[in-house]
>>> print(open('upload.csv').read())   # CSV, C-alpha atoms and all ligand atoms
chain,number,residue,atom,x,y,z
K,1,MET,CA,-65.7,-40.1,-55.3
K,2,ARG,CA,-62.8,-41.7,-57.2
K,3,LYS,CA,-62.3,-40.3,-60.7
K,4,PRO,CA,-61.7,-43.3,-63.1
K,5,VAL,CA,-58.4,-43.6,-65.0
K,6,ILE,CA,-58.1,-45.1,-68.4
K,7,ALA,CA,-54.4,-45.7,-69.2
K,8,GLY,CA,-52.9,-47.1,-72.4
K,9,ASN,CA,-49.6,-49.0,-72.3
K,10,TRP,CA,-48.0,-48.8,-75.8
K,11,LYS,CA,-45.2,-51.2,-74.8
K,12,MET,CA,-42.4,-51.4,-77.4
K,13,TYR,CA,-44.7,-50.4,-80.3
K,14,LYS,CA,-44.7,-47.3,-82.6
K,15,LEU,CA,-41.8,-45.4,-83.9
K,16,HIS,CA,-41.6,-41.7,-83.0
K,17,ASP,CA,-43.8,-40.2,-85.7
K,18,GLU,CA,-46.4,-42.9,-85.4
K,19,ALA,CA,-46.6,-42.4,-81.7
K,20,VAL,CA,-47.1,-38.6,-82.2
K,21,LYS,CA,-49.8,-39.3,-84.9
K,22,THR,CA,-51.7,-41.7,-82.6
K,23,ALA,CA,-51.5,-39.3,-79.7
K,24,LEU,CA,-52.8,-36.4,-81.8
K,25,GLU,CA,-55.7,-38.5,-83.1
K,26,LEU,CA,-56.5,-39.5,-79.6
K,27,ARG,CA,-56.3,-35.9,-78.4
K,28,SER,CA,-59.3,-35.0,-80.6
K,29,LEU,CA,-61.3,-38.2,-80.0
K,30,VAL,CA,-61.3,-37.9,-76.3
K,31,ALA,CA,-61.5,-34.1,-76.0
K,32,ASN,CA,-64.9,-34.2,-74.3
K,33,ALA,CA,-64.1,-37.0,-71.9
K,34,ASN,CA,-64.3,-35.3,-68.5
K,35,HIS,CA,-65.6,-38.3,-66.6
K,36,CYS,CA,-62.1,-39.9,-66.4
K,37,GLU,CA,-58.4,-39.2,-66.6
K,38,VAL,CA,-56.8,-40.4,-69.8
K,39,VAL,CA,-53.2,-41.5,-69.8
K,40,ILE,CA,-51.0,-42.9,-72.6
K,41,ALA,CA,-47.6,-44.5,-72.1
K,42,PRO,CA,-45.5,-44.3,-75.3
K,43,VAL,CA,-41.8,-45.5,-75.6
K,44,PHE,CA,-39.1,-43.4,-74.1
K,45,THR,CA,-37.9,-41.9,-77.5
K,46,ALA,CA,-41.4,-40.5,-78.2
K,47,LEU,CA,-42.1,-39.1,-74.7
K,48,LYS,CA,-40.9,-35.5,-75.0
K,49,THR,CA,-42.6,-34.8,-78.3
K,50,VAL,CA,-45.8,-36.5,-77.3
K,51,CYS,CA,-45.9,-34.5,-74.1
K,52,ASP,CA,-45.2,-31.3,-76.0
K,53,ARG,CA,-47.9,-32.0,-78.6
K,54,LEU,CA,-50.5,-32.9,-75.9
K,55,GLU,CA,-50.0,-29.8,-73.9
K,56,GLY,CA,-53.3,-28.1,-73.0
K,57,SER,CA,-55.2,-31.4,-73.7
K,58,ASN,CA,-56.9,-33.8,-71.3
K,59,VAL,CA,-54.5,-36.6,-72.2
K,60,ARG,CA,-51.6,-37.2,-69.7
K,61,VAL,CA,-48.4,-39.0,-70.5
K,62,SER,CA,-46.8,-41.8,-68.6
K,63,ALA,CA,-43.4,-43.6,-69.0
K,64,GLN,CA,-43.4,-47.4,-68.9
K,65,ASP,CA,-40.5,-47.7,-66.3
K,66,CYS,CA,-37.9,-45.6,-64.6
K,67,ALA,CA,-34.6,-46.1,-62.8
K,68,THR,CA,-34.3,-47.1,-59.2
K,69,GLU,CA,-31.6,-44.4,-58.8
K,70,THR,CA,-32.6,-40.8,-58.2
K,71,GLU,CA,-29.2,-39.1,-58.5
K,72,GLN,CA,-27.6,-38.5,-61.9
K,73,GLY,CA,-24.6,-40.7,-62.3
K,74,ALA,CA,-23.0,-43.7,-64.0
K,75,HIS,CA,-26.1,-45.8,-64.7
K,76,THR,CA,-25.8,-46.6,-68.4
K,77,GLY,CA,-29.2,-47.2,-70.1
K,78,GLU,CA,-31.3,-45.9,-67.2
K,79,VAL,CA,-33.7,-43.0,-67.3
K,80,SER,CA,-34.6,-41.3,-64.0
K,81,ALA,CA,-38.0,-40.2,-62.7
K,82,GLU,CA,-36.6,-36.7,-62.6
K,83,MET,CA,-35.7,-36.9,-66.4
K,84,LEU,CA,-39.2,-38.2,-67.1
K,85,ASN,CA,-40.7,-35.3,-65.2
K,86,ASP,CA,-38.4,-33.0,-67.2
K,87,ALA,CA,-39.8,-34.5,-70.4
K,88,GLY,CA,-43.3,-33.6,-69.3
K,89,CYS,CA,-44.6,-37.0,-68.0
K,90,SER,CA,-47.0,-37.0,-65.1
K,91,HIS,CA,-47.1,-40.8,-64.5
K,92,ILE,CA,-44.8,-43.8,-64.5
K,93,ILE,CA,-46.0,-47.4,-64.9
K,94,ILE,CA,-43.9,-49.5,-62.4
K,95,GLY,CA,-43.6,-53.3,-62.0
K,96,HIS,CA,-45.5,-54.3,-65.2
K,97,SER,CA,-45.6,-58.1,-65.4
K,98,GLU,CA,-43.5,-58.1,-68.5
K,99,ARG,CA,-40.7,-56.4,-66.6
K,100,ARG,CA,-41.2,-58.8,-63.6
K,101,GLN,CA,-41.2,-61.8,-65.9
K,102,PHE,CA,-38.4,-60.9,-68.4
K,103,TYR,CA,-36.3,-58.1,-67.0
K,104,GLY,CA,-35.7,-59.1,-63.4
K,105,GLU,CA,-38.1,-56.6,-61.7
K,106,THR,CA,-38.6,-57.6,-58.1
K,107,ASP,CA,-40.8,-56.2,-55.3
K,108,ARG,CA,-37.7,-54.4,-54.0
K,109,SER,CA,-37.0,-52.7,-57.3
K,110,VAL,CA,-40.7,-51.8,-57.7
K,111,ASN,CA,-40.5,-50.2,-54.2
K,112,LEU,CA,-37.3,-48.2,-55.1
K,113,LYS,CA,-38.8,-47.1,-58.4
K,114,THR,CA,-42.1,-46.1,-56.8
K,115,ARG,CA,-40.2,-44.0,-54.2
K,116,ALA,CA,-38.1,-42.4,-57.0
K,117,CYS,CA,-41.3,-41.6,-58.9
K,118,LEU,CA,-43.0,-40.0,-55.9
K,119,LYS,CA,-39.8,-38.1,-55.1
K,120,SER,CA,-40.0,-36.5,-58.5
K,121,GLY,CA,-43.6,-35.5,-58.0
K,122,LEU,CA,-45.1,-38.0,-60.4
K,123,THR,CA,-47.9,-40.5,-60.0
K,124,ALA,CA,-46.9,-44.2,-59.9
K,125,ILE,CA,-49.1,-46.8,-61.6
K,126,VAL,CA,-48.0,-49.8,-59.6
K,127,CYS,CA,-48.8,-53.1,-61.3
K,128,VAL,CA,-49.5,-56.4,-59.4
K,129,GLY,CA,-51.0,-59.7,-60.6
K,130,GLU,CA,-50.7,-63.4,-60.3
K,131,MET,CA,-49.6,-66.0,-62.8
K,132,LEU,CA,-51.9,-68.8,-63.9
K,133,PRO,CA,-50.4,-71.5,-61.6
K,134,ASP,CA,-50.9,-69.1,-58.7
K,135,ARG,CA,-54.6,-68.7,-59.5
K,136,GLU,CA,-55.0,-72.4,-60.2
K,137,SER,CA,-53.5,-73.3,-56.8
K,138,GLY,CA,-55.6,-70.8,-54.9
K,139,ASN,CA,-52.7,-68.6,-54.2
K,140,ALA,CA,-53.7,-65.5,-56.2
K,141,GLU,CA,-54.4,-63.3,-53.2
K,142,LYS,CA,-51.3,-64.4,-51.4
K,143,VAL,CA,-49.1,-63.4,-54.4
K,144,VAL,CA,-50.8,-60.1,-54.9
K,145,LYS,CA,-50.5,-59.3,-51.1
K,146,GLU,CA,-46.8,-60.0,-51.2
K,147,GLN,CA,-46.4,-57.7,-54.3
K,148,LEU,CA,-48.3,-55.0,-52.5
K,149,GLU,CA,-46.4,-55.4,-49.3
K,150,GLY,CA,-43.0,-55.3,-51.0
K,151,GLY,CA,-43.8,-52.7,-53.7
K,152,LEU,CA,-45.5,-50.2,-51.3
K,153,ASP,CA,-43.3,-50.8,-48.3
K,154,GLY,CA,-42.7,-47.7,-46.2
K,155,LEU,CA,-45.1,-45.4,-48.1
K,156,THR,CA,-47.1,-42.9,-46.1
K,157,VAL,CA,-50.8,-41.9,-46.3
K,158,SER,CA,-49.8,-38.8,-48.2
K,159,ASP,CA,-47.6,-40.9,-50.6
K,160,MET,CA,-50.7,-43.0,-51.3
K,161,GLU,CA,-52.4,-40.0,-52.9
K,162,ARG,CA,-50.1,-40.4,-55.9
K,163,ILE,CA,-50.3,-44.2,-56.1
K,164,ILE,CA,-52.6,-45.9,-58.6
K,165,ILE,CA,-52.7,-49.7,-58.4
K,166,ALA,CA,-53.2,-51.8,-61.6
K,167,TYR,CA,-54.3,-55.3,-61.0
K,168,GLU,CA,-53.3,-57.3,-64.0
K,169,PRO,CA,-53.6,-61.1,-63.8
K,170,VAL,CA,-50.7,-62.2,-66.0
K,171,TRP,CA,-52.8,-65.0,-67.6
K,172,ALA,CA,-55.1,-62.3,-69.0
K,173,ILE,CA,-52.4,-60.0,-70.5
K,174,GLY,CA,-52.3,-60.1,-74.3
K,175,THR,CA,-54.1,-63.5,-74.3
K,176,GLY,CA,-57.6,-62.4,-75.1
K,177,LYS,CA,-58.7,-64.1,-71.8
K,178,THR,CA,-60.2,-61.5,-69.5
K,179,ALA,CA,-60.8,-62.2,-65.9
K,180,THR,CA,-64.6,-62.2,-65.4
K,181,PRO,CA,-65.9,-59.0,-63.9
K,182,GLY,CA,-66.6,-61.1,-60.7
K,183,GLN,CA,-63.1,-62.4,-60.5
K,184,ALA,CA,-61.7,-58.9,-61.1
K,185,GLN,CA,-64.0,-57.3,-58.5
K,186,GLU,CA,-63.1,-60.0,-55.9
K,187,MET,CA,-59.3,-59.1,-56.3
K,188,HIS,CA,-60.0,-55.4,-56.4
K,189,GLY,CA,-62.0,-55.7,-53.2
K,190,PHE,CA,-59.1,-57.6,-51.6
K,191,ILE,CA,-56.6,-54.9,-52.7
K,192,ARG,CA,-58.8,-52.2,-51.2
K,193,SER,CA,-59.1,-54.0,-47.9
K,194,PHE,CA,-55.3,-54.5,-47.9
K,195,ILE,CA,-54.9,-50.7,-48.3
K,196,ALA,CA,-57.5,-50.0,-45.6
K,197,GLU,CA,-55.6,-52.3,-43.2
K,198,LYS,CA,-52.3,-50.5,-43.9
K,199,HIS,CA,-53.4,-46.9,-44.3
K,200,GLY,CA,-57.0,-46.6,-43.2
K,201,LYS,CA,-60.4,-46.6,-44.8
K,202,GLU,CA,-60.2,-43.1,-46.1
K,203,THR,CA,-57.0,-43.7,-48.1
K,204,ALA,CA,-58.4,-47.0,-49.4
K,205,ASP,CA,-61.6,-45.3,-50.5
K,206,GLN,CA,-59.6,-42.7,-52.4
K,207,THR,CA,-57.1,-45.1,-54.1
K,208,ARG,CA,-57.8,-45.9,-57.8
K,209,ILE,CA,-57.5,-49.6,-58.6
K,210,LEU,CA,-57.3,-50.3,-62.4
K,211,TYR,CA,-58.0,-53.6,-64.1
K,212,GLY,CA,-55.7,-54.8,-66.9
K,213,GLY,CA,-55.8,-57.8,-69.1
K,214,SER,CA,-57.3,-57.9,-72.6
K,215,VAL,CA,-59.6,-54.9,-71.9
K,216,LYS,CA,-61.5,-54.0,-75.1
K,217,PRO,CA,-64.3,-51.7,-76.1
K,218,GLU,CA,-66.6,-54.7,-75.8
K,219,ASN,CA,-65.8,-55.6,-72.2
K,220,ILE,CA,-64.9,-52.2,-70.5
K,221,GLY,CA,-68.6,-51.5,-69.6
K,222,GLU,CA,-69.1,-54.6,-67.5
K,223,LEU,CA,-65.7,-54.1,-65.8
K,224,MET,CA,-66.5,-50.5,-65.0
K,225,ASP,CA,-69.8,-51.6,-63.5
K,226,GLN,CA,-67.9,-53.3,-60.6
K,227,THR,CA,-67.7,-51.4,-57.3
K,228,ASP,CA,-64.0,-51.5,-56.9
K,229,ILE,CA,-62.8,-51.2,-60.5
K,230,ASP,CA,-61.8,-47.6,-61.1
K,231,GLY,CA,-60.5,-47.8,-64.6
K,232,ALA,CA,-58.3,-49.8,-66.8
K,233,LEU,CA,-54.7,-50.3,-67.9
K,234,VAL,CA,-55.0,-51.3,-71.6
K,235,GLY,CA,-52.3,-52.8,-73.8
K,236,GLY,CA,-53.2,-54.1,-77.3
K,237,ALA,CA,-56.5,-52.1,-77.6
K,238,SER,CA,-54.7,-48.8,-76.7
K,239,LEU,CA,-52.5,-48.9,-79.8
K,240,SER,CA,-55.3,-47.6,-82.1
K,241,ALA,CA,-56.7,-44.2,-81.2
K,242,GLU,CA,-60.1,-45.3,-82.4
K,243,SER,CA,-60.4,-48.4,-80.2
K,244,PHE,CA,-58.7,-46.7,-77.2
K,245,SER,CA,-61.1,-43.7,-77.4
K,246,LYS,CA,-64.0,-46.2,-77.4
K,247,ILE,CA,-62.7,-47.6,-74.1
K,248,VAL,CA,-62.2,-44.0,-72.7
K,249,ASN,CA,-65.7,-43.2,-73.8
K,250,TYR,CA,-67.3,-46.3,-72.1
K,251,ASN,CA,-69.7,-44.0,-70.4
K,252,LEU,CA,-71.4,-43.2,-73.7
K,253,GLY,CA,-72.5,-46.8,-74.0
W,1,LIG,C1,-50.9,-54.5,-70.4
W,1,LIG,O1,-49.9,-54.5,-71.2
W,1,LIG,O2,-50.8,-53.9,-69.3
W,1,LIG,C2,-52.1,-55.2,-70.8
W,1,LIG,C3,-53.1,-55.3,-70.0
W,1,LIG,O3,-52.1,-55.7,-72.1
W,1,LIG,P1,-53.4,-56.2,-72.9
W,1,LIG,O4,-54.5,-55.2,-72.7
W,1,LIG,O5,-53.0,-56.4,-74.3
W,1,LIG,O6,-53.8,-57.5,-72.3
>>> encode(input="upload.csv", output="structure tokens", more="lines below")
Ligand code: PEP
Amino acid sequence: MRKPVIAGNWKMYKLHDEAVKTALELRSLVANANHCEVVIAPVFTALKTVCDRLEGSNVRVSAQDCATETEQGAHTGEVSAEMLNDAGCSHIIIGHSERRQFYGETDRSVNLKTRACLKSGLTAIVCVGEMLPDRESGNAEKVVKEQLEGGLDGLTVSDMERIIIAYEPVWAIGTGKTATPGQAQEMHGFIRSFIAEKHGKETADQTRILYGGSVKPENIGELMDQTDIDGALVGGASLSAESFSKIVNYNLG
């Protein structure tokens, strides 16, 4: 049985104090949510305090990126997975489409960051997803397959225990356009078969695959009804504790 994961990506929003305030509001709003794992990803500067203030709660903290390098050294501007672990994070989002589109992230760097994340004992939320022209030209699965092949290259069955996949069609991120539950299910099923082919059915059955792209309190229910959707990676609607808690509490109707 896969435990769902509802993760909030706060992107480059919220100064330190506001991040802490939202995290604390969320802490009480989701205190009874045992049906899923709750994760929030604030900006780097707020991570340590948010982790400290959420200690003992059921809300885990993720970073939004990490360095490809694992050893301390002359890497100006980079933050290693080990440092994120030290700050109290349990997860790292890797290969978000905004990083792929605007900051030169490649399948190779996603792979290195994923390995760095695992080496530090953290869980990687590895993002994949096609652009609109890929979907319109019938190449969505081909693109996602390439991202999975490159990003997860060389990982073992035991590595896969700490991998969460987030399928985020780029055309649905921040646009208000959600993939239909059917479209999302189709790609999630494809991703699960890809994992089964590489690592066996048991691993595929245990891997959580999240959907991301304009998830809101109004559409989470129908997405979660799909067989292969095991949670959500939420951007805009995770910025308010109230709306994010409604998504977390989707099971209450
Ligand atoms: C995201 O940033 O991962 C995302 C899915 O954003 P939004 O929910 O705003 O579309």
>>> residues_near_ligand(input="upload.csv", ligand="ligand LIG 1 (chain W)", cutoff="7 Å", atoms="only C-alpha atoms and all ligand atoms", output="list of chain:residue names")
K:Asn9, K:Lys11, K:His96, K:Glu168, K:Ala172, K:Ile173, K:Gly174, K:Thr175, K:Gly176, K:Gly212, K:Gly213, K:Ser214, K:Val215, K:Leu233, K:Val234, K:Gly235, K:Gly236, K:Ala237
>>> residues_around(input="upload.csv", residues="region 31-48 of chain K", least_positions_apart="4", cutoff="7 Å", atoms="all atoms listed in the file", output="PyMOL selection string")
chain K and resi 3-12+16+19+27+52+58-64+87-88+249
>>> atom_distance(input="upload.csv", atom1="CA of Leu15 (chain K)", atom2="CA of Ser80 (chain K)")
21.6 Å
>>> residues_around(input="upload.csv", residues="Thr22 (chain K)", least_positions_apart="5", cutoff="10 Å", atoms="all atoms listed in the file", output="list of chain:residue names")
K:Lys14, K:Asp17, K:Arg27, K:Pro42, K:Val50, K:Ser238, K:Leu239, K:Ser240, K:Ala241, K:Glu242
>>> closest_residue(input="upload.csv", among="K:Glu98, K:Glu149, K:Asp86, K:Glu136", to="Lys198 (chain K)", atoms="all atoms listed in the file")
K:Glu149
>>> residues_around(input="upload.csv", residues="Ser193 (chain K)", least_positions_apart="4", cutoff="8 Å", atoms="all atoms listed in the file", output="list in words")
Gly189, Glu197 and Ala204 of chain K
>>> write_last_selection(input="upload.csv", atoms="C-alpha atoms", output="short mmCIF file (atom, residue, chain, number, x, y, z; two decimals), in the frame of the given file")
data_model
loop_
_atom_site.label_atom_id
_atom_site.label_comp_id
_atom_site.auth_asym_id
_atom_site.auth_seq_id
_atom_site.Cartn_x
_atom_site.Cartn_y
_atom_site.Cartn_z
CA GLY K 189 -62.00 -55.70 -53.20
CA GLU K 197 -55.60 -52.30 -43.20
CA ALA K 204 -58.40 -47.00 -49.40
#
>>> closest_residue(input="upload.csv", among="K:Glu186, K:Glu202, K:Asp107, K:Asp228", to="Val157 (chain K)", atoms="only C-alpha atoms")
K:Glu202
>>> residues_around(input="upload.csv", residues="Ser158 (chain K)", least_positions_apart="2", cutoff="12 Å", atoms="all atoms listed in the file", output="ChimeraX atom specification")
/K:118,154-156,160-163,199-200,202-204,206-207
>>> atom_distance(input="upload.csv", atom1="CA of Leu252 (chain K)", atom2="CA of Lys216 (chain K)")
14.7 Å
>>> closest_residue(input="upload.csv", among="K:Thr123, K:Thr114, K:Ser245, K:Thr68", to="Ser90 (chain K)", atoms="all atoms listed in the file")
K:Thr123
>>> closest_residue(input="upload.csv", among="K:Ser57, K:Thr76, K:Thr106, K:Thr227", to="Pro181 (chain K)", atoms="only C-alpha atoms")
K:Thr227
>>> atom_distance(input="upload.csv", atom1="CA of Glu105 (chain K)", atom2="CA of Ile229 (chain K)")
25.3 Å
>>> closest_residue(input="upload.csv", among="K:Ser28, K:Gln147, K:Asn139, K:Asn219", to="Ser97 (chain K)", atoms="all atoms listed in the file")
K:Gln147
>>> closest_residue(input="upload.csv", among="K:Gln183, K:Ile191, K:Lys119, K:Glu146", to="Asp205 (chain K)", atoms="only C-alpha atoms")
K:Ile191
>>> residues_around(input="upload.csv", residues="Lys142 (chain K)", least_positions_apart="4", cutoff="12 Å", atoms="all atoms listed in the file", output="VMD selection string")
chain K and resid 128 to 131 134 to 135 137 to 138 146 to 149 187 190 to 191 194
>>> decode(input="upload.csv", residues="region 184-195 of chain K", atoms="N, CA, C and O atoms", output="PDB file, in the first residue's frame")
ATOM      1  N   ALA K 184      -3.645  12.449 -16.713  1.00  0.00           N
ATOM      2  CA  ALA K 184      -2.644  12.259 -15.662  1.00  0.00           C
ATOM      3  C   ALA K 184      -2.475  10.766 -15.376  1.00  0.00           C
ATOM      4  O   ALA K 184      -1.362  10.255 -15.325  1.00  0.00           O
ATOM      5  N   GLN K 185      -3.585  10.059 -15.231  1.00  0.00           N
ATOM      6  CA  GLN K 185      -3.534   8.617 -14.931  1.00  0.00           C
ATOM      7  C   GLN K 185      -2.746   7.875 -16.022  1.00  0.00           C
ATOM      8  O   GLN K 185      -1.934   7.002 -15.737  1.00  0.00           O
ATOM      9  N   GLU K 186      -3.011   8.258 -17.279  1.00  0.00           N
ATOM     10  CA  GLU K 186      -2.344   7.569 -18.388  1.00  0.00           C
ATOM     11  C   GLU K 186      -0.818   7.692 -18.253  1.00  0.00           C
ATOM     12  O   GLU K 186      -0.085   6.709 -18.361  1.00  0.00           O
ATOM     13  N   MET K 187      -0.345   8.915 -17.955  1.00  0.00           N
ATOM     14  CA  MET K 187       1.113   9.108 -17.831  1.00  0.00           C
ATOM     15  C   MET K 187       1.647   8.444 -16.558  1.00  0.00           C
ATOM     16  O   MET K 187       2.743   7.873 -16.564  1.00  0.00           O
ATOM     17  N   HIS K 188       0.883   8.500 -15.489  1.00  0.00           N
ATOM     18  CA  HIS K 188       1.335   7.843 -14.247  1.00  0.00           C
ATOM     19  C   HIS K 188       1.463   6.335 -14.467  1.00  0.00           C
ATOM     20  O   HIS K 188       2.406   5.704 -13.988  1.00  0.00           O
ATOM     21  N   GLY K 189       0.505   5.771 -15.207  1.00  0.00           N
ATOM     22  CA  GLY K 189       0.559   4.332 -15.505  1.00  0.00           C
ATOM     23  C   GLY K 189       1.802   4.022 -16.330  1.00  0.00           C
ATOM     24  O   GLY K 189       2.502   3.036 -16.099  1.00  0.00           O
ATOM     25  N   PHE K 190       2.097   4.920 -17.276  1.00  0.00           N
ATOM     26  CA  PHE K 190       3.275   4.741 -18.134  1.00  0.00           C
ATOM     27  C   PHE K 190       4.549   4.790 -17.281  1.00  0.00           C
ATOM     28  O   PHE K 190       5.460   3.973 -17.449  1.00  0.00           O
ATOM     29  N   ILE K 191       4.605   5.743 -16.345  1.00  0.00           N
ATOM     30  CA  ILE K 191       5.797   5.879 -15.490  1.00  0.00           C
ATOM     31  C   ILE K 191       5.953   4.625 -14.622  1.00  0.00           C
ATOM     32  O   ILE K 191       7.044   4.088 -14.466  1.00  0.00           O
ATOM     33  N   ARG K 192       4.840   4.133 -14.112  1.00  0.00           N
ATOM     34  CA  ARG K 192       4.931   2.926 -13.259  1.00  0.00           C
ATOM     35  C   ARG K 192       5.412   1.724 -14.098  1.00  0.00           C
ATOM     36  O   ARG K 192       6.223   0.935 -13.627  1.00  0.00           O
ATOM     37  N   SER K 193       4.949   1.619 -15.332  1.00  0.00           N
ATOM     38  CA  SER K 193       5.445   0.483 -16.140  1.00  0.00           C
ATOM     39  C   SER K 193       6.921   0.657 -16.455  1.00  0.00           C
ATOM     40  O   SER K 193       7.663  -0.324 -16.516  1.00  0.00           O
ATOM     41  N   PHE K 194       7.354   1.913 -16.648  1.00  0.00           N
ATOM     42  CA  PHE K 194       8.790   2.145 -16.890  1.00  0.00           C
ATOM     43  C   PHE K 194       9.599   1.648 -15.684  1.00  0.00           C
ATOM     44  O   PHE K 194      10.607   0.950 -15.844  1.00  0.00           O
ATOM     45  N   ILE K 195       9.143   1.972 -14.477  1.00  0.00           N
ATOM     46  CA  ILE K 195       9.871   1.550 -13.268  1.00  0.00           C
ATOM     47  C   ILE K 195       9.841   0.021 -13.145  1.00  0.00           C
ATOM     48  O   ILE K 195      10.836  -0.609 -12.801  1.00  0.00           O
TER      49      ILE K 195
END
